[in-house]
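The file entry-v5.txt contains compact mmCIF, C-alpha atoms:
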```txt
# COMPACT_ATOMS: atom_id res chain seq x y z
CA MET A 1 -2.17 27.88 -0.33
CA PHE A 2 -2.01 24.54 1.47
CA ALA A 3 -5.49 25.06 2.95
CA GLY A 4 -6.85 26.09 -0.46
CA ALA A 5 -5.60 22.89 -2.08
CA LEU A 6 -7.13 20.72 0.66
CA LEU A 7 -10.43 22.62 0.38
CA LEU A 8 -10.60 21.94 -3.36
CA ILE A 9 -9.72 18.27 -2.82
CA PHE A 10 -12.39 17.81 -0.14
CA THR A 11 -15.03 19.21 -2.50
CA GLY A 12 -14.39 16.23 -4.75
CA TYR A 13 -12.41 18.02 -7.46
CA PRO A 14 -9.74 15.74 -9.04
CA VAL A 15 -6.64 15.94 -6.88
CA ALA A 16 -4.09 16.40 -9.68
CA PHE A 17 -6.02 19.37 -11.07
CA ALA A 18 -6.71 20.75 -7.59
CA LEU A 19 -2.99 20.85 -6.87
CA GLY A 20 -2.02 22.25 -10.27
CA GLY A 21 -4.87 24.76 -10.31
CA THR A 22 -4.04 25.98 -6.80
CA GLY A 23 -0.43 26.45 -7.91
CA LEU A 24 -1.43 28.54 -10.92
CA LEU A 25 -3.94 30.60 -8.93
CA PHE A 26 -1.46 31.48 -6.19
CA ALA A 27 1.30 32.11 -8.74
CA ALA A 28 -0.96 34.75 -10.32
CA MET A 29 -1.87 36.22 -6.93
CA GLY A 30 1.74 36.20 -5.79
CA GLY A 31 2.95 37.70 -9.06
CA ALA A 32 0.37 40.50 -8.84
CA ALA A 33 1.41 41.22 -5.25
CA GLY A 34 5.10 41.15 -6.14
CA SER A 35 5.89 38.18 -3.88
CA PHE A 36 6.36 35.59 -6.64
CA ASP A 37 8.91 35.71 -9.45
CA TRP A 38 7.32 34.53 -12.72
CA ILE A 39 10.72 33.35 -13.97
CA LEU A 40 10.40 30.35 -11.62
CA LEU A 41 7.69 28.86 -13.85
CA THR A 42 10.25 28.44 -16.63
CA ALA A 43 11.65 25.56 -14.55
CA LEU A 44 8.36 23.65 -14.90
CA PRO A 45 9.01 22.08 -18.35
CA GLN A 46 12.39 20.80 -17.18
CA ARG A 47 10.79 19.28 -14.10
CA ILE A 48 8.10 17.61 -16.19
CA PHE A 49 10.69 16.11 -18.54
CA GLY A 50 12.59 14.96 -15.45
CA ILE A 51 9.53 13.12 -14.18
CA MET A 52 8.79 11.49 -17.53
CA SER A 53 12.38 10.28 -17.90
CA ASN A 54 12.70 9.10 -14.28
CA TYR A 55 14.07 5.56 -14.44
CA VAL A 56 12.95 4.72 -10.88
CA LEU A 57 9.31 5.53 -11.60
CA LEU A 58 9.38 3.07 -14.51
CA ALA A 59 9.23 0.32 -11.86
CA ILE A 60 5.61 1.30 -11.08
CA PRO A 61 3.97 -0.03 -14.29
CA PHE A 62 6.15 -3.17 -14.15
CA PHE A 63 5.11 -4.15 -10.62
CA ILE A 64 1.46 -3.25 -11.27
CA LEU A 65 1.47 -5.37 -14.43
CA MET A 66 3.13 -8.26 -12.62
CA GLY A 67 0.50 -8.12 -9.88
CA THR A 68 -2.50 -7.96 -12.18
CA LEU A 69 -1.14 -10.81 -14.33
CA LEU A 70 -0.75 -13.04 -11.27
CA GLN A 71 -4.18 -12.13 -9.94
CA ARG A 72 -6.00 -12.62 -13.25
CA SER A 73 -4.18 -15.87 -14.00
CA GLY A 74 -5.70 -17.50 -10.89
CA LEU A 75 -2.68 -17.54 -8.57
CA ALA A 76 -4.63 -15.92 -5.71
CA GLU A 77 -7.47 -18.42 -6.06
CA ASP A 78 -5.07 -21.38 -5.99
CA LEU A 79 -3.29 -20.06 -2.90
CA LEU A 80 -6.50 -19.36 -0.99
CA THR A 81 -7.94 -22.78 -1.78
CA ALA A 82 -4.76 -24.60 -0.73
CA PHE A 83 -4.33 -22.64 2.51
CA GLY A 84 -8.02 -23.02 3.33
CA VAL A 85 -7.70 -26.80 3.19
CA LEU A 86 -4.36 -26.71 5.05
CA PHE A 87 -5.57 -24.65 8.03
CA GLY A 88 -9.27 -25.54 7.91
CA ARG A 89 -8.99 -27.92 10.86
CA LEU A 90 -8.01 -25.04 13.14
CA ARG A 91 -10.42 -22.57 14.68
CA GLY A 92 -9.99 -19.44 12.65
CA GLY A 93 -8.09 -21.43 10.05
CA LEU A 94 -9.65 -19.62 7.12
CA ILE A 95 -8.63 -16.27 8.63
CA VAL A 96 -5.06 -17.57 9.02
CA GLY A 97 -5.09 -18.65 5.38
CA VAL A 98 -6.34 -15.23 4.25
CA ILE A 99 -3.61 -13.39 6.18
CA LEU A 100 -0.83 -15.68 4.91
CA VAL A 101 -2.08 -15.41 1.34
CA GLY A 102 -2.30 -11.63 1.76
CA ALA A 103 1.37 -11.54 2.82
CA LEU A 104 2.42 -13.78 -0.06
CA LEU A 105 0.48 -11.81 -2.63
CA ALA A 106 1.88 -8.58 -1.21
CA ALA A 107 5.40 -9.90 -1.73
CA ALA A 108 4.50 -11.22 -5.18
CA THR A 109 2.57 -8.23 -6.50
CA GLY A 110 2.71 -5.10 -4.34
CA VAL A 111 -0.79 -4.16 -5.60
CA VAL A 112 -3.39 -3.72 -2.85
CA GLY A 113 -6.52 -3.56 -5.00
CA ALA A 114 -5.86 -6.84 -6.80
CA THR A 115 -5.20 -8.66 -3.51
CA VAL A 116 -8.33 -7.40 -1.72
CA VAL A 117 -10.62 -8.09 -4.69
CA ALA A 118 -9.23 -11.60 -5.17
CA MET A 119 -9.56 -12.56 -1.51
CA GLY A 120 -12.94 -10.90 -1.11
CA THR A 121 -14.33 -12.70 -4.16
CA ILE A 122 -12.97 -16.13 -3.28
CA SER A 123 -12.72 -16.44 0.50
CA LEU A 124 -15.49 -14.21 1.90
CA PRO A 125 -18.43 -16.36 0.64
CA VAL A 126 -16.70 -19.46 2.04
CA MET A 127 -16.18 -17.90 5.48
CA LEU A 128 -19.78 -16.69 5.60
CA ARG A 129 -21.03 -20.14 4.63
CA TYR A 130 -19.22 -21.65 7.62
CA LYS A 131 -20.61 -19.07 10.06
CA TYR A 132 -17.57 -16.83 10.45
CA SER A 133 -18.29 -13.43 11.95
CA PRO A 134 -18.89 -11.02 9.02
CA SER A 135 -16.97 -8.20 10.74
CA LEU A 136 -13.97 -10.45 11.53
CA ALA A 137 -13.91 -11.92 8.02
CA THR A 138 -14.14 -8.58 6.22
CA GLY A 139 -11.65 -6.94 8.60
CA ALA A 140 -9.07 -9.68 8.01
CA ILE A 141 -9.47 -9.51 4.23
CA ALA A 142 -9.22 -5.71 4.06
CA ALA A 143 -6.25 -5.54 6.46
CA SER A 144 -4.22 -8.38 4.96
CA GLY A 145 -4.73 -6.88 1.53
CA THR A 146 -3.04 -3.67 2.69
CA LEU A 147 0.18 -5.53 3.48
CA GLY A 148 1.12 -4.77 -0.12
CA GLN A 149 1.73 -1.21 1.10
CA VAL A 150 4.67 -2.24 3.28
CA ILE A 151 5.92 -5.67 2.24
CA PRO A 152 8.14 -5.16 -0.82
CA PRO A 153 7.80 -4.73 -3.74
CA SER A 154 5.43 -1.92 -2.81
CA VAL A 155 4.38 0.73 -5.32
CA VAL A 156 4.03 3.34 -2.57
CA LEU A 157 7.62 2.68 -1.45
CA ILE A 158 8.80 3.35 -5.00
CA VAL A 159 7.04 6.74 -4.95
CA LEU A 160 8.35 7.47 -1.44
CA GLY A 161 11.89 6.65 -2.55
CA ASP A 162 11.57 9.07 -5.44
CA GLN A 163 10.14 11.86 -3.26
CA LEU A 164 12.67 11.35 -0.44
CA GLY A 165 15.64 10.95 -2.78
CA VAL A 166 16.71 7.61 -1.24
CA SER A 167 17.33 4.18 -2.72
CA VAL A 168 14.16 2.20 -3.40
CA GLY A 169 16.16 -0.98 -2.76
CA ASP A 170 17.04 0.28 0.73
CA LEU A 171 13.38 1.06 1.38
CA PHE A 172 12.40 -2.44 0.24
CA LEU A 173 15.00 -4.02 2.49
CA GLY A 174 14.14 -1.83 5.47
CA SER A 175 10.38 -2.44 5.19
CA LEU A 176 10.61 -6.23 5.02
CA LEU A 177 10.79 -6.89 8.78
CA PRO A 178 8.08 -4.33 9.77
CA GLY A 179 5.76 -5.74 7.10
CA LEU A 180 6.22 -9.33 8.27
CA ALA A 181 5.82 -8.19 11.90
CA LEU A 182 2.45 -6.63 11.03
CA ALA A 183 1.35 -9.89 9.40
CA GLY A 184 2.42 -11.73 12.57
CA MET A 185 0.38 -9.34 14.74
CA TYR A 186 -2.66 -9.92 12.54
CA LEU A 187 -2.22 -13.68 13.02
CA ALA A 188 -1.85 -13.31 16.81
CA TYR A 189 -5.09 -11.29 16.98
CA SER A 190 -6.94 -13.84 14.84
CA PHE A 191 -5.80 -16.75 17.03
CA ALA A 192 -6.83 -14.81 20.15
CA VAL A 193 -10.33 -14.20 18.76
CA ALA A 194 -10.66 -17.86 17.72
CA ILE A 195 -9.70 -19.02 21.24
CA LEU A 196 -11.74 -16.49 23.23
CA LYS A 197 -14.79 -16.41 20.94
CA PRO A 198 -14.80 -19.69 18.98
CA GLU A 199 -18.27 -18.99 17.57
CA MET A 200 -16.77 -16.10 15.54
CA ALA A 201 -14.21 -18.32 13.76
CA PRO A 202 -15.15 -22.02 13.82
CA ALA A 203 -13.14 -24.87 12.32
CA LEU A 204 -14.33 -26.43 9.08
CA PRO A 205 -16.25 -29.73 9.35
CA ASP A 206 -14.27 -32.87 8.55
CA SER A 207 -16.50 -33.53 5.54
CA GLU A 208 -14.91 -30.52 3.83
CA LEU A 209 -11.36 -31.73 4.45
CA VAL A 210 -11.20 -34.80 2.23
CA THR A 211 -7.64 -34.31 0.99
CA SER A 212 -5.16 -36.90 2.32
CA GLY A 213 -1.89 -35.87 3.96
CA SER A 214 0.38 -36.57 1.00
CA GLN A 215 -2.03 -34.99 -1.47
CA LEU A 216 -2.32 -31.91 0.72
CA VAL A 217 1.45 -31.48 0.99
CA LEU A 218 1.87 -31.93 -2.76
CA ARG A 219 -0.91 -29.44 -3.47
CA VAL A 220 0.49 -26.78 -1.13
CA VAL A 221 4.02 -27.20 -2.46
CA ARG A 222 2.84 -27.02 -6.08
CA VAL A 223 0.83 -23.87 -5.39
CA MET A 224 3.39 -22.12 -3.17
CA LEU A 225 6.65 -22.82 -4.99
CA PRO A 226 6.01 -20.77 -8.15
CA PRO A 227 5.12 -17.48 -6.36
CA LEU A 228 7.89 -18.04 -3.80
CA ALA A 229 10.39 -18.56 -6.61
CA LEU A 230 9.18 -15.36 -8.28
CA ILE A 231 9.47 -13.45 -4.99
CA LEU A 232 13.02 -14.72 -4.44
CA ILE A 233 14.06 -13.81 -7.98
CA VAL A 234 12.55 -10.31 -7.87
CA LEU A 235 13.46 -9.27 -4.33
CA GLY A 236 16.66 -11.32 -4.18
CA SER A 237 18.05 -9.60 -7.27
CA ILE A 238 17.33 -6.18 -5.71
CA PHE A 239 18.74 -7.02 -2.27
CA ALA A 240 21.84 -8.65 -3.76
CA GLY A 241 22.50 -5.59 -5.90
CA LEU A 242 22.19 -7.57 -9.14
CA ALA A 243 19.29 -5.50 -10.48
CA THR A 244 17.61 -2.17 -9.90
CA PRO A 245 13.93 -2.18 -8.82
CA THR A 246 12.98 -1.28 -12.40
CA GLU A 247 14.97 -4.19 -13.86
CA ALA A 248 13.60 -6.54 -11.19
CA GLY A 249 10.07 -5.40 -12.02
CA ALA A 250 10.66 -6.23 -15.68
CA MET A 251 11.91 -9.68 -14.67
CA GLY A 252 8.81 -10.06 -12.50
CA VAL A 253 6.55 -9.38 -15.50
CA VAL A 254 8.37 -12.01 -17.54
CA GLY A 255 8.09 -14.44 -14.61
CA ALA A 256 4.36 -13.78 -14.24
CA LEU A 257 3.85 -14.38 -17.97
CA ILE A 258 5.76 -17.67 -17.72
CA LEU A 259 3.72 -18.82 -14.69
CA ALA A 260 0.45 -17.94 -16.43
CA ALA A 261 1.58 -19.81 -19.55
CA LEU A 262 2.65 -22.89 -17.57
CA ASN A 263 -0.77 -22.96 -15.91
CA ARG A 264 -2.40 -22.60 -19.36
CA ARG A 265 -4.09 -19.36 -18.27
CA LEU A 266 -2.27 -16.89 -20.48
CA GLN A 267 -5.00 -15.58 -22.77
CA LEU A 268 -5.11 -12.42 -24.86
CA ARG A 269 -8.02 -11.14 -22.78
CA THR A 270 -6.04 -11.63 -19.55
CA LEU A 271 -3.04 -9.84 -21.04
CA PHE A 272 -5.07 -6.89 -22.34
CA GLU A 273 -6.97 -6.46 -19.05
CA SER A 274 -3.70 -6.53 -17.11
CA LEU A 275 -2.09 -3.99 -19.45
CA GLU A 276 -5.13 -1.72 -19.19
CA ALA A 277 -5.03 -1.80 -15.36
CA ALA A 278 -1.30 -1.01 -15.38
CA VAL A 279 -1.77 1.92 -17.78
CA GLU A 280 -4.66 3.39 -15.76
CA LEU A 281 -2.90 3.31 -12.38
CA THR A 282 0.44 4.48 -13.78
CA THR A 283 -1.24 7.38 -15.57
CA MET A 284 -3.00 8.39 -12.36
CA VAL A 285 0.32 8.43 -10.47
CA ILE A 286 2.12 10.46 -13.14
CA VAL A 287 -0.67 13.04 -13.52
CA LEU A 288 -0.79 13.41 -9.73
CA LEU A 289 2.96 13.91 -9.69
CA LEU A 290 2.76 16.60 -12.40
CA GLY A 291 0.08 18.53 -10.46
CA ALA A 292 2.07 18.17 -7.23
CA THR A 293 5.22 19.41 -8.99
CA LEU A 294 3.51 22.64 -10.08
CA PHE A 295 2.05 23.10 -6.59
CA THR A 296 5.43 22.54 -4.91
CA LEU A 297 7.24 24.89 -7.33
CA VAL A 298 4.89 27.79 -6.57
CA PHE A 299 4.73 26.93 -2.85
CA ARG A 300 8.51 27.19 -2.61
CA GLY A 301 8.57 30.28 -4.81
CA LEU A 302 6.30 31.99 -2.28
CA GLY A 303 8.61 30.96 0.56
CA GLY A 304 6.25 28.31 1.92
CA ASP A 305 9.01 25.72 2.42
CA ARG A 306 10.96 28.12 4.67
CA VAL A 307 7.83 28.91 6.70
CA VAL A 308 7.04 25.20 7.17
CA GLU A 309 10.63 24.37 8.10
CA GLU A 310 10.88 27.20 10.65
CA LEU A 311 7.51 26.24 12.12
CA LEU A 312 8.40 22.56 12.51
CA VAL A 313 11.99 23.07 13.67
CA ASN A 314 10.85 25.51 16.38
CA LEU A 315 8.01 23.36 17.70
CA PRO A 316 7.97 22.97 21.51
CA GLY A 317 9.42 19.54 22.17
CA GLY A 318 11.55 19.57 19.01
CA VAL A 319 12.11 16.09 17.58
CA VAL A 320 9.29 14.40 19.50
CA SER A 321 6.72 17.05 18.57
CA PHE A 322 7.75 16.84 14.91
CA LEU A 323 7.23 13.07 14.83
CA ILE A 324 3.86 13.37 16.55
CA LEU A 325 2.72 16.12 14.18
CA VAL A 326 3.81 14.24 11.04
CA ASN A 327 2.12 11.00 12.04
CA VAL A 328 -1.09 12.64 13.26
CA LEU A 329 -1.31 14.69 10.05
CA VAL A 330 -0.73 11.68 7.77
CA PHE A 331 -3.19 9.56 9.77
CA PHE A 332 -5.84 12.31 9.65
CA LEU A 333 -5.41 12.91 5.90
CA GLY A 334 -5.74 9.15 5.40
CA PHE A 335 -9.43 9.44 6.29
CA PHE A 336 -10.02 11.56 3.19
CA LEU A 337 -7.15 11.21 0.68
CA ASP A 338 -5.48 8.45 -1.31
CA TYR A 339 -1.98 7.47 -0.25
CA PHE A 340 -0.39 8.83 -3.46
CA GLU A 341 -1.99 12.20 -2.83
CA ILE A 342 -0.66 12.28 0.74
CA VAL A 343 2.85 11.38 -0.43
CA PHE A 344 2.95 14.12 -3.06
CA ILE A 345 1.57 16.79 -0.71
CA ILE A 346 3.24 16.00 2.63
CA VAL A 347 6.60 14.35 1.91
CA PRO A 348 8.21 17.25 -0.01
CA LEU A 349 7.41 19.51 2.97
CA MET A 350 8.45 17.12 5.73
CA ALA A 351 11.55 15.44 4.24
CA PRO A 352 13.93 18.46 4.55
CA VAL A 353 12.89 18.98 8.18
CA ALA A 354 13.38 15.28 8.95
CA ALA A 355 16.86 15.45 7.41
CA SER A 356 17.69 18.58 9.46
CA PHE A 357 16.74 16.70 12.64
CA GLY A 358 19.18 13.95 11.66
CA TYR A 359 16.63 11.22 10.95
CA ASP A 360 17.58 8.39 8.64
CA LEU A 361 15.37 9.08 5.60
CA VAL A 362 15.01 5.36 4.83
CA TRP A 363 13.55 4.82 8.31
CA PHE A 364 11.42 7.93 7.87
CA GLY A 365 10.11 6.58 4.56
CA VAL A 366 9.24 3.17 6.04
CA MET A 367 7.50 4.91 8.96
CA MET A 368 5.48 6.97 6.48
CA GLY A 369 4.64 3.79 4.56
CA VAL A 370 3.32 2.02 7.66
CA ASN A 371 1.25 5.09 8.56
CA LEU A 372 -0.02 5.40 4.99
CA GLN A 373 -1.11 1.77 5.18
CA THR A 374 -3.84 2.86 7.59
CA SER A 375 -5.20 5.20 4.88
CA PHE A 376 -6.43 2.07 3.10
CA LEU A 377 -8.52 1.07 6.13
CA THR A 378 -9.74 4.28 7.74
CA PRO A 379 -13.40 5.07 7.01
CA PRO A 380 -15.02 6.68 5.16
CA PHE A 381 -12.63 6.72 2.17
CA GLY A 382 -10.32 3.76 2.81
CA PHE A 383 -9.63 2.22 -0.58
CA SER A 384 -9.53 -1.36 0.74
CA LEU A 385 -13.03 -0.77 2.10
CA PHE A 386 -14.18 0.38 -1.35
CA TYR A 387 -12.59 -2.63 -3.05
CA LEU A 388 -14.15 -5.03 -0.55
CA ARG A 389 -17.56 -3.35 -0.64
CA GLY A 390 -17.56 -3.81 -4.41
CA VAL A 391 -17.22 -7.61 -4.20
CA ALA A 392 -18.91 -8.38 -0.85
CA PRO A 393 -22.34 -10.09 -0.86
CA PRO A 394 -25.35 -7.77 -0.40
CA GLN A 395 -26.06 -9.11 3.11
CA ILE A 396 -22.74 -7.66 4.36
CA SER A 397 -23.44 -4.11 5.52
CA THR A 398 -20.95 -1.28 5.10
CA ILE A 399 -21.09 -0.68 8.87
CA SER A 400 -20.05 -4.30 9.44
CA ILE A 401 -17.00 -3.76 7.21
CA TYR A 402 -16.11 -0.55 9.07
CA ARG A 403 -16.50 -2.31 12.43
CA GLY A 404 -14.32 -5.19 11.30
CA VAL A 405 -11.30 -3.06 10.35
CA ILE A 406 -11.14 -1.12 13.65
CA PRO A 407 -9.10 -3.79 15.54
CA PHE A 408 -6.68 -4.04 12.61
CA ILE A 409 -6.27 -0.24 12.51
CA CYS A 410 -5.36 -0.42 16.21
CA ILE A 411 -2.82 -3.18 15.43
CA GLN A 412 -1.28 -1.01 12.72
CA LEU A 413 -1.00 1.91 15.14
CA VAL A 414 0.75 -0.36 17.66
CA GLY A 415 3.13 -1.44 14.90
CA LEU A 416 3.77 2.22 14.03
CA LEU A 417 4.59 3.03 17.66
CA LEU A 418 7.00 0.08 17.83
CA LEU A 419 8.68 1.26 14.64
CA ILE A 420 9.11 4.76 16.09
CA ARG A 421 10.40 3.41 19.39
CA PHE A 422 12.74 0.86 17.79
CA PRO A 423 14.10 2.29 14.50
CA GLN A 424 16.51 -0.67 14.46
CA LEU A 425 13.63 -2.65 12.93
CA VAL A 426 14.53 -0.79 9.73
CA THR A 427 18.12 0.39 10.13
CA TRP A 428 19.67 -2.96 11.14
CA VAL A 429 19.95 -4.00 7.49
CA LEU A 430 21.32 -0.72 6.17
```
How would this structure read if it were set down as structure tokens?
Amino acid sequence: MFAGALLLIFTGYPVAFALGGTGLLFAAMGGAAGSFDWILLTALPQRIFGIMSNYVLLAIPFFILMGTLLQRSGLAEDLLTAFGVLFGRLRGGLIVGVILVGALLAAATGVVGATVVAMGTISLPVMLRYKYSPSLATGAIAASGTLGQVIPPSVVLIVLGDQLGVSVGDLFLGSLLPGLALAGMYLAYSFAVAILKPEMAPALPDSELVTSGSQLVLRVVRVMLPPLALILIVLGSIFAGLATPTEAGAMGVVGALILAALNRRLQLRTLFESLEAAVELTTMVIVLLLGATLFTLVFRGLGGDRVVEELLVNLPGGVVSFLILVNVLVFFLGFFLDYFEIVFIIVPLMAPVAASFGYDLVWFGVMMGVNLQTSFLTPPFGFSLFYLRGVAPPQISTISIYRGVIPFICIQLVGLLLLIRFPQLVTWVL
């Protein structure tokens, strides 16, 4: 059944319908063979109503809407321009600015697509004009955009929290340090490249840096304070226990509307486009979840969960083999599937086994999130690569983009290994 679903998905059939259709097909086959009890399907309507009334999942459209409002109101452009001037005197300064803006936008929006498109549209032509290496520039943009996967508020962490049955607030808190550590590793790599191969990341000429010291400080403060205040309000209210992630997401939307209005960029067109993007992505997540629910119901009705659990628990090497298998499987599927699809297929099977081994499920969820982050970068179907390809100039080849993300994929794998070796990176705050 699992292989049949993957086969349908790899043929290009819509994932939600591939999962649901596989569930119905094997329910019919199992019912005919006497190995599936049809009465189990009567639980499906209750599960669907449970999904549609899930208060935690309501945070998804709020955070998506907040992110698209901030992106379409020009916040990303203001940040990139200010950081470009601030770090332009350094070799690789534009790369540093891109990574820092990626981290800030990740914390302000949690939406990967909006971040990558904004940075690719605004910063990539500038870096190419000043002779930055195309592979380094595209790699930094694609990788820093994926920080929205791990740095809270992350939409994928909300889905992981729902699937694992753990607090989304705990996942946000536990993922903060690993996400910032990844951003720091990106910066270290960029500085190393700028020092060892200065021709790949030159400093900007002085003629482009006309802003005086006081003007520069004022500009950076004016651009940075509003998103930082929004981040503190949204994440601070969650971490302090004053608001649930859903309530904090609603506050974030109000804050984004206020910021757009204060900057005189709140137009009806901006609002409608942001609402449309939020509806589209939220609908995709919910339909995927419905298909995955039907698949999981039949899979368990056929005894698949017991088979998987016995197989994984009895692996040679026990705990270590289980961790290796989970991470290799998620990393491999990331070459072909979207992160939501991987979460809905893999997590329901792996979570009970992880709990039986005594793993902290919050740490397990953050580990999955870091691994899933690579699914945005791994060719040929990495979504960040698609987003960037869509806005990159024609002279940038797809191979150059693929080549540029390889060092950042390696950095992410190093970060994943550190997270596995030192779970205290997550559990120290819990």
Task: Sel. within 7 Å of pt (6.2, -12.7, -4.1), counting all atoms listed in the file, output as number ranges by chain - done: A: 104-109, 227-228, 230-231
TODO: Could you give me, as an NGL selection string, the residues within 10 Å of Ile51 in chain A, counting all atoms listed in the file and dropping anything in the same chain fewer than 3 positions from it?
DONE: :A and (45-48 or 54-57 or 162 or 286 or 289-290 or 293)
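Here CA of Val370 in chain A and CA of Gln149 in chain A stand 7.5 Å from one another.
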Open item on the list: List the spatial neighbours of Leu413 in chain A as a list of chain:residue names - criterion: any atom at most 12 Å away, only C-alpha atoms, same-chain residues fewer than 3 positions off excluded.
Closed with: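 Everything that qualifies: A:Leu182, A:Met185, A:Asn327, A:Val328, A:Phe331, A:Met367, A:Met368, A:Val370, A:Asn371, A:Leu372, A:Gln373, A:Thr374, A:Ser375, A:Leu377, A:Thr378, A:Ile406, A:Pro407, A:Phe408, A:Ile409, A:Cys410, A:Leu416, A:Leu417, A:Leu418, A:Leu419, A:Ile420.
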Open item on the list: Which residues are near Ile345 in chain A? Cut-off 12 Å, only C-alpha atoms, ignore same chain within fewer than 2 positions. Put them as a ChimeraX atom specification.
Closed with: /A:1-3,5-6,9,15-16,18-20,160,163,288-297,299,329-330,333,337-343,347-351
TODO: Kindly give the distance, in Å, that separates CA of Thr22 in chain A and CA of Gly4 in chain A, rounded to a single decimal.
DONE: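 We find that CA of Thr22 in chain A and CA of Gly4 in chain A lie 6.9 Å from each other.
CA of Phe10 in chain A is positioned 28.2 Å from CA of Glu276 in chain A.
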Coordinates of box centre and edge lengths for range 214-230 of chain A, 3 Å on every side, axis-aligned, as JSON:
```
{"center_x": 4.0, "center_y": -26.0, "center_z": -3.6, "size_x": 18.7, "size_y": 27.2, "size_z": 15.3}
```
Open item on the list: Show me the residues close to (-2.4, -17.6, -1.8) - anything with an atom within 8 Å, counting only C-alpha atoms - and format the list as a PyMOL selection string.
Closed with: chain A and resi 75-83+97-98+100-102+104-105+223-224
Open item on the list: Using all atoms listed in the file, which protein or nucleic acid residues come within 9 Å of Leu235 in chain A? Drop anything in the same chain fewer than 5 positions from it, and give the result as a ChimeraX atom specification.
Closed with: /A:107,152-153,169,172-173,230,240,245,248
Using all atoms listed in the file, which residues of range 123-148 of chain A come within 8 Å of range 384-399 of chain A, and what is the closest atom pair for each, with the distance in Å to one decimal? Give it as a Markdown table, sorted by chain and residue number.
```
| residue | atom | partner | partner_atom | distance |
| --- | --- | --- | --- | --- |
| A:Leu124 | CA | A:Ala392 | CA | 7.3 |
| A:Pro125 | CA | A:Pro393 | CA | 7.5 |
| A:Pro134 | CA | A:Ile396 | CA | 6.9 |
| A:Thr138 | CA | A:Leu388 | CA | 7.6 |
| A:Ala142 | CA | A:Ser384 | CA | 5.5 |
| A:Ala143 | CA | A:Ser384 | CA | 7.8 |
| A:Gly145 | CA | A:Ser384 | CA | 7.4 |
| A:Thr146 | CA | A:Ser384 | CA | 7.2 |
```
Open item on the list: Which residue is closest to Lys197 in chain A? Choose from A:Gly301, A:Gly139, A:Gly92, A:Pro316 and count all atoms listed in the file.
Closed with: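 Comparing A:Gly301, A:Gly139, A:Gly92, A:Pro316 against Lys197 in chain A, the winner is A:Gly92.
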Task: Top pick for closest residue to Lys131 in chain A, considering A:Leu312, A:Val155, A:Val217, A:Met200 and counting only C-alpha atoms - done: A:Met200
TODO: Would you please work out which residue, of A:Ala229, A:Ser144, A:Val287, A:Gly382, is nearest to Phe17 in chain A when using only C-alpha atoms?
DONE: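 Smallest distance to Phe17 in chain A is found for A:Val287.
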Open item on the list: Using only C-alpha atoms for the distances, tell me which of A:Val85, A:Ile95, A:Ala278, A:Val313 is nearest to Tyr189 in chain A.
Closed with: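 Looking only at the distances to Tyr189 in chain A, the closest residue turns out to be A:Ile95.
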TODO: Would you kindly return, as an MDAnalysis selection string, each protein, DNA or RNA residue with an atom no farther than 10 Å from any atom of Phe191 in chain A, considering all atoms listed in the file and excluding same-chain residues fewer than 3 positions away?
DONE: chainID A and resid 90:93 95:96 185:188 194:198 201
